[in-house]
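Printed here is target-v2.txt (compact mmCIF, C-alpha atoms and all ligand atoms):
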# COMPACT_ATOMS: atom_id res chain seq x y z
CA MET Q 24 0.00 0.00 0.00
CA GLN Q 25 1.40 3.36 -0.96
CA PRO Q 26 1.54 5.61 2.11
CA CYS Q 27 0.14 9.12 1.79
CA ASP Q 28 2.43 12.09 2.27
CA ALA Q 29 1.17 12.69 5.81
CA CYS Q 30 2.07 9.14 6.85
CA LEU Q 31 5.42 9.26 5.13
CA GLY Q 32 6.10 12.49 6.95
CA LEU Q 33 5.68 10.77 10.31
CA VAL Q 34 7.84 7.71 9.68
CA GLY Q 35 11.07 7.95 11.65
CA LYS Q 36 9.87 10.98 13.62
CA PRO Q 37 9.97 10.95 17.44
CA SER Q 38 6.81 9.58 19.04
CA SER Q 39 6.39 12.96 20.70
CA VAL Q 40 5.22 14.24 17.31
CA PRO Q 41 1.40 14.08 17.32
CA PRO Q 42 -0.47 11.85 14.82
CA HIS Q 43 -1.63 13.54 11.62
CA GLY Q 44 -5.28 14.48 11.25
CA ASP Q 45 -6.37 11.47 9.20
CA LEU Q 46 -5.13 8.84 11.62
CA ALA Q 47 -7.81 7.01 13.58
CA ALA Q 48 -6.83 5.63 16.98
CA SER Q 49 -6.98 1.85 16.91
CA GLY Q 50 -5.82 0.57 20.25
CA ALA Q 51 -2.36 -0.33 21.43
CA SER Q 52 0.09 -3.20 21.28
CA ALA Q 53 1.54 -4.82 24.37
CA PHE Q 54 3.43 -7.97 25.19
CA GLY Q 55 4.10 -9.96 28.30
CA PRO Q 56 2.27 -11.98 30.93
CA PRO Q 57 -1.19 -10.89 32.13
CA GLY Q 58 -0.93 -8.11 34.64
CA LYS Q 59 2.60 -7.32 33.56
CA MET Q 60 2.00 -6.27 29.99
CA THR Q 61 4.56 -3.95 28.46
CA LYS Q 62 3.01 -1.44 26.11
CA VAL Q 63 5.09 -1.05 22.97
CA SER Q 64 2.97 1.22 20.78
CA ASN Q 65 -0.19 3.16 20.18
CA ASN Q 66 -1.73 1.97 16.92
CA TRP Q 67 -3.30 4.20 14.29
CA ASN Q 68 -5.05 3.45 11.01
CA CYS Q 69 -4.86 6.03 8.26
CA THR Q 70 -8.25 6.80 6.74
CA VAL Q 71 -6.60 8.18 3.58
CA CYS Q 72 -4.06 5.53 2.54
CA GLY Q 73 -5.14 2.65 4.79
CA ASN Q 74 -1.71 2.08 6.27
CA TRP Q 75 -1.10 1.30 9.92
CA MET Q 76 1.09 3.63 11.90
CA TYR Q 77 2.72 2.70 15.19
CA GLN Q 78 3.61 5.35 17.72
CA ASN Q 79 6.22 3.41 19.67
CA THR Q 80 6.75 3.83 23.38
CA ALA Q 81 10.16 3.68 25.05
CA ASN Q 82 9.70 -0.13 24.98
CA GLY Q 83 8.99 -0.25 21.24
CA ASP Q 84 11.33 -1.21 18.44
CA PRO Q 85 12.73 1.21 17.57
CA PRO Q 86 11.94 3.05 20.83
CA ASN Q 87 10.10 6.38 20.80
CA GLU Q 88 9.72 6.50 17.06
CA TRP Q 89 6.91 6.42 14.48
CA VAL Q 90 6.93 3.38 12.22
CA ILE Q 91 4.66 2.17 9.44
CA GLY Q 92 3.61 -1.45 9.30
CA GLU Q 93 1.13 -4.22 8.76
CA ARG Q 94 -2.26 -4.53 10.36
CA PRO Q 95 -1.75 -5.49 14.04
CA GLU Q 96 -2.52 -9.06 15.09
CA LYS Q 97 -5.47 -9.43 17.39
ZN ZN B 101 -1.79 7.78 5.29

Turn the structure described in the file into structure tokens.
Amino acid sequence: MQPCDACLGLVGKPSSVPPHGDLAASGASAFGPPGKMTKVSNNWNCTVCGNWMYQNTANGDPPNEWVIGERPEK
């Protein structure tokens, strides 16, 4: 899927940069045992290009950075 300019503009930016206006919040990703989950990203779905954007936390990979990726697994 070809990312729109707004998504491309976020990739590689610090997570402190706010999501662009066409990103819809779509939950978060976390790993680990119940009760001790480590949040790795806030997940966003672009309503323009359909790509998924991940606003990584300090525990993400790479940490504290915006990345573009596949639809998150449920
Ligand atoms: Zn987009």

Long-range neighbours of Trp67 in chain Q as a PDB file with C-alpha atoms, in the coordinates of the input, 12 Å cut-off, all atoms listed in the file, 6 positions minimum in chain:
ATOM      1  CA  CYS Q  30       2.070   9.140   6.850  1.00  0.00           C
ATOM      2  CA  LEU Q  33       5.680  10.770  10.310  1.00  0.00           C
ATOM      3  CA  PRO Q  41       1.400  14.080  17.320  1.00  0.00           C
ATOM      4  CA  PRO Q  42      -0.470  11.850  14.820  1.00  0.00           C
ATOM      5  CA  HIS Q  43      -1.630  13.540  11.620  1.00  0.00           C
ATOM      6  CA  GLY Q  44      -5.280  14.480  11.250  1.00  0.00           C
ATOM      7  CA  ASP Q  45      -6.370  11.470   9.200  1.00  0.00           C
ATOM      8  CA  LEU Q  46      -5.130   8.840  11.620  1.00  0.00           C
ATOM      9  CA  ALA Q  47      -7.810   7.010  13.580  1.00  0.00           C
ATOM     10  CA  ALA Q  48      -6.830   5.630  16.980  1.00  0.00           C
ATOM     11  CA  SER Q  49      -6.980   1.850  16.910  1.00  0.00           C
ATOM     12  CA  GLY Q  50      -5.820   0.570  20.250  1.00  0.00           C
ATOM     13  CA  ALA Q  51      -2.360  -0.330  21.430  1.00  0.00           C
ATOM     14  CA  SER Q  52       0.090  -3.200  21.280  1.00  0.00           C
ATOM     15  CA  GLY Q  73      -5.140   2.650   4.790  1.00  0.00           C
ATOM     16  CA  ASN Q  74      -1.710   2.080   6.270  1.00  0.00           C
ATOM     17  CA  TRP Q  75      -1.100   1.300   9.920  1.00  0.00           C
ATOM     18  CA  MET Q  76       1.090   3.630  11.900  1.00  0.00           C
ATOM     19  CA  TYR Q  77       2.720   2.700  15.190  1.00  0.00           C
ATOM     20  CA  GLN Q  78       3.610   5.350  17.720  1.00  0.00           C
ATOM     21  CA  ASN Q  79       6.220   3.410  19.670  1.00  0.00           C
ATOM     22  CA  TRP Q  89       6.910   6.420  14.480  1.00  0.00           C
ATOM     23  CA  VAL Q  90       6.930   3.380  12.220  1.00  0.00           C
ATOM     24  CA  ILE Q  91       4.660   2.170   9.440  1.00  0.00           C
ATOM     25  CA  GLY Q  92       3.610  -1.450   9.300  1.00  0.00           C
ATOM     26  CA  GLU Q  93       1.130  -4.220   8.760  1.00  0.00           C
ATOM     27  CA  ARG Q  94      -2.260  -4.530  10.360  1.00  0.00           C
ATOM     28  CA  PRO Q  95      -1.750  -5.490  14.040  1.00  0.00           C
TER      29      PRO Q  95
END

| said: Between Q:Gly55, Q:Gly35, Q:Thr70, Q:Thr61, which residue has the minimum interatomic distance to Glu88 in chain Q, considering all atoms listed in the file? | reply: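 Closest to Glu88 in chain Q, using all atoms listed in the file: Q:Gly35.
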
For chain Q against ligand ZN 101 (chain B), with a cut-off of 6 Å and counting all atoms listed in the file, what is the closest atom pair and its distance in Å to one decimal for every residue that makes the cut, ordered by chain and number, as CSV?
residue,atom,partner,partner_atom,distance
Q:Pro26,CA,B:ZN101,ZN,5.1
Q:Cys27,CA,B:ZN101,ZN,4.2
Q:Ala29,CA,B:ZN101,ZN,5.8
Q:Cys30,CA,B:ZN101,ZN,4.4
Q:Cys69,CA,B:ZN101,ZN,4.6
Q:Val71,CA,B:ZN101,ZN,5.1
Q:Cys72,CA,B:ZN101,ZN,4.2
Q:Asn74,CA,B:ZN101,ZN,5.8

| message | Given the point (2.9, 4.1, 23.5) in the coordinates of this file, which residues lie within 7 Å, counting only C-alpha atoms, and how would they look as an MDAnalysis selection string? | response | chainID Q and resid 62:65 78:80

| field | Interatomic distance (Å, one decimal) between CA of Phe54 in chain Q and CA of Asn68 in chain Q | value |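 About the pair CA of Phe54 in chain Q and CA of Asn68 in chain Q: they are 20.1 Å apart.
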
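Atom pair CA of Asn87 in chain Q / CA of Pro56 in chain Q has a distance of 22.4 Å (rounded to one decimal).
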
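The coordinates place CA of Met60 in chain Q at 25.3 Å from CA of Val34 in chain Q.
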
Can you write range 60-83 of chain Q from the block above with N, CA and C atoms, as a short mmCIF file (atom, residue, chain, number, x, y, z; two decimals), in the first residue's frame?
data_model
loop_
_atom_site.label_atom_id
_atom_site.label_comp_id
_atom_site.auth_asym_id
_atom_site.auth_seq_id
_atom_site.Cartn_x
_atom_site.Cartn_y
_atom_site.Cartn_z
N MET Q 60 1.85 -6.58 31.40
CA MET Q 60 2.00 -6.27 29.99
C MET Q 60 2.87 -5.02 29.81
N THR Q 61 3.73 -5.10 28.81
CA THR Q 61 4.56 -3.95 28.46
C THR Q 61 4.01 -3.34 27.18
N LYS Q 62 3.56 -2.11 27.28
CA LYS Q 62 3.01 -1.44 26.11
C LYS Q 62 4.13 -1.01 25.19
N VAL Q 63 4.02 -1.38 23.92
CA VAL Q 63 5.09 -1.05 22.97
C VAL Q 63 4.68 0.02 21.96
N SER Q 64 3.37 0.19 21.75
CA SER Q 64 2.97 1.22 20.78
C SER Q 64 1.50 1.58 20.91
N ASN Q 65 1.18 2.79 20.49
CA ASN Q 65 -0.19 3.16 20.18
C ASN Q 65 -0.37 2.93 18.68
N ASN Q 66 -1.52 2.35 18.32
CA ASN Q 66 -1.73 1.97 16.92
C ASN Q 66 -2.74 2.91 16.27
N TRP Q 67 -2.45 3.27 15.03
CA TRP Q 67 -3.30 4.20 14.29
C TRP Q 67 -3.51 3.66 12.89
N ASN Q 68 -4.74 3.87 12.37
CA ASN Q 68 -5.05 3.45 11.01
C ASN Q 68 -5.36 4.69 10.20
N CYS Q 69 -4.66 4.85 9.08
CA CYS Q 69 -4.86 6.03 8.26
C CYS Q 69 -6.12 5.88 7.42
N THR Q 70 -7.00 6.86 7.48
CA THR Q 70 -8.25 6.80 6.74
C THR Q 70 -8.06 7.25 5.29
N VAL Q 71 -6.88 7.74 4.95
CA VAL Q 71 -6.60 8.18 3.58
C VAL Q 71 -5.94 7.05 2.79
N CYS Q 72 -4.81 6.54 3.30
CA CYS Q 72 -4.06 5.53 2.54
C CYS Q 72 -4.25 4.12 3.07
N GLY Q 73 -4.86 3.98 4.26
CA GLY Q 73 -5.14 2.65 4.79
C GLY Q 73 -3.98 1.99 5.50
N ASN Q 74 -2.86 2.66 5.58
CA ASN Q 74 -1.71 2.08 6.27
C ASN Q 74 -1.86 2.18 7.78
N TRP Q 75 -1.14 1.28 8.46
CA TRP Q 75 -1.10 1.30 9.92
C TRP Q 75 0.16 2.01 10.37
N MET Q 76 -0.03 2.88 11.35
CA MET Q 76 1.09 3.63 11.90
C MET Q 76 1.23 3.27 13.38
N TYR Q 77 2.46 3.08 13.81
CA TYR Q 77 2.72 2.70 15.19
C TYR Q 77 3.54 3.78 15.87
N GLN Q 78 2.96 4.30 16.93
CA GLN Q 78 3.61 5.35 17.72
C GLN Q 78 4.29 4.63 18.88
N ASN Q 79 5.54 4.25 18.69
CA ASN Q 79 6.22 3.41 19.67
C ASN Q 79 6.47 4.13 20.99
N THR Q 80 6.37 3.33 22.06
CA THR Q 80 6.75 3.83 23.38
C THR Q 80 8.26 3.60 23.56
N ALA Q 81 8.74 3.91 24.75
CA ALA Q 81 10.16 3.68 25.05
C ALA Q 81 10.50 2.19 24.98
N ASN Q 82 9.48 1.31 25.05
CA ASN Q 82 9.70 -0.13 24.98
C ASN Q 82 9.48 -0.69 23.57
N GLY Q 83 9.21 0.20 22.61
CA GLY Q 83 8.99 -0.25 21.24
C GLY Q 83 10.30 -0.51 20.51
#
